[in-house]
Amino acid sequence: MFPSIAILIALGMAVFVAMPLLAREAAAGASLPVDVTPLADLKRRRLVVYENLKDLEFEYQAGKLAAQDYQSLKQNYLGEAASLMAASQEAEQLKETDALLEREIAARRALRKNQPPQDYVCPQCGFENPVPVKFCGECGTRITHRQSPT
Ligand SMILES: [Zn+2]
């Protein structure tokens, strides 16, 4: 058996052991609103890993685990905790980027509202052409564009 398969089995076992605990916790807090955002889920999974680490430490102290098993399991848990930590940092950053983009879009919309594209407005009929044009799309009047400073 490859070591990586052993690690996967160990992780699978950890999840299997943790699941009933999580289910019991969820049942106990059924009246509370459940936070199901990916970020909250990552945080919850990280807490489970930390719980497992504590259990592992306890079992090792109690002499139920060989030092080698303890070390390799501990490395697994630490690795999982690190990747979960990185994933939630990524999710956090994504959330910030989203908020930033939304603000940017809102700011641009406000700007557009305050400053109508004068260059596209027909001096003859006042029609606001949606794109830069040489002739008004409504009445065909030639539209002279303001010279942009170059
Ligand atoms: Zn026009």
# chains A, B, ... in the order shown; residues from 1 in each chain; ligands from 1
$ residues_around --residues "A:Thr37" --least-positions-apart "5" --cutoff "12 Å" --atoms "only C-alpha atoms" --output "PyMOL selection string"
chain A and resi 42-44+88+91-92+95
$ residues_near_ligand --ligand "ligand 1" --cutoff "8 Å" --atoms "only C-alpha atoms and all ligand atoms" --output "mmCIF file with N, CA and C atoms, in the first residue's frame"
data_model
loop_
_atom_site.group_PDB
_atom_site.id
_atom_site.type_symbol
_atom_site.label_atom_id
_atom_site.label_comp_id
_atom_site.auth_asym_id
_atom_site.auth_seq_id
_atom_site.Cartn_x
_atom_site.Cartn_y
_atom_site.Cartn_z
ATOM 1 N N VAL A 121 -24.533 63.233 -27.891
ATOM 2 C CA VAL A 121 -25.846 63.859 -27.911
ATOM 3 C C VAL A 121 -25.978 64.734 -29.157
ATOM 4 N N CYS A 122 -27.043 64.515 -29.878
ATOM 5 C CA CYS A 122 -27.275 65.276 -31.102
ATOM 6 C C CYS A 122 -27.620 66.731 -30.768
ATOM 7 N N PRO A 123 -26.907 67.678 -31.355
ATOM 8 C CA PRO A 123 -27.193 69.088 -31.089
ATOM 9 C C PRO A 123 -28.521 69.528 -31.722
ATOM 10 N N GLN A 124 -28.978 68.751 -32.679
ATOM 11 C CA GLN A 124 -30.200 69.112 -33.397
ATOM 12 C C GLN A 124 -31.455 68.639 -32.662
ATOM 13 N N CYS A 125 -31.500 67.328 -32.360
ATOM 14 C CA CYS A 125 -32.726 66.776 -31.770
ATOM 15 C C CYS A 125 -32.535 66.339 -30.319
ATOM 16 N N GLY A 126 -31.303 66.319 -29.853
ATOM 17 C CA GLY A 126 -31.053 65.960 -28.457
ATOM 18 C C GLY A 126 -31.019 64.462 -28.203
ATOM 19 N N PHE A 127 -31.082 63.669 -29.263
ATOM 20 C CA PHE A 127 -31.040 62.217 -29.107
ATOM 21 C C PHE A 127 -29.669 61.776 -28.587
ATOM 22 N N PHE A 135 -22.928 60.666 -37.390
ATOM 23 C CA PHE A 135 -24.237 61.243 -37.707
ATOM 24 C C PHE A 135 -25.261 60.718 -36.704
ATOM 25 N N CYS A 136 -26.166 61.567 -36.297
ATOM 26 C CA CYS A 136 -27.180 61.198 -35.316
ATOM 27 C C CYS A 136 -28.020 60.028 -35.829
ATOM 28 N N GLY A 137 -28.244 59.053 -34.970
ATOM 29 C CA GLY A 137 -29.023 57.884 -35.345
ATOM 30 C C GLY A 137 -30.507 58.207 -35.483
ATOM 31 N N GLU A 138 -30.933 59.336 -34.948
ATOM 32 C CA GLU A 138 -32.338 59.698 -34.962
ATOM 33 C C GLU A 138 -32.680 60.601 -36.155
ATOM 34 N N CYS A 139 -31.877 61.665 -36.348
ATOM 35 C CA CYS A 139 -32.228 62.633 -37.398
ATOM 36 C C CYS A 139 -31.150 62.789 -38.469
ATOM 37 N N GLY A 140 -30.008 62.173 -38.273
ATOM 38 C CA GLY A 140 -28.983 62.202 -39.313
ATOM 39 C C GLY A 140 -28.109 63.437 -39.323
ATOM 40 N N THR A 141 -28.266 64.295 -38.319
ATOM 41 C CA THR A 141 -27.427 65.495 -38.251
ATOM 42 C C THR A 141 -25.984 65.098 -37.951
#
$ atom_distance --atom1 "atom CA of A:Lys54" --atom2 "atom CA of A:Met13"
15.8 Å
$ atom_distance --atom1 "atom CA of A:Ala107" --atom2 "atom CA of A:Pro38"
28.3 Å
$ closest_residue --among "A:Ile9, A:Val133, A:Ile143, A:Ala81" --to "A:Leu47" --atoms "only C-alpha atoms"
A:Ala81
$ atom_distance --atom1 "atom CA of A:Leu84" --atom2 "atom CA of A:Arg46"
6.2 Å
$ residues_around --residues "A:Pro132" --least-positions-apart "2" --cutoff "8 Å" --atoms "only C-alpha atoms" --output "PyMOL selection string"
chain A and resi 119-120+129-130+134
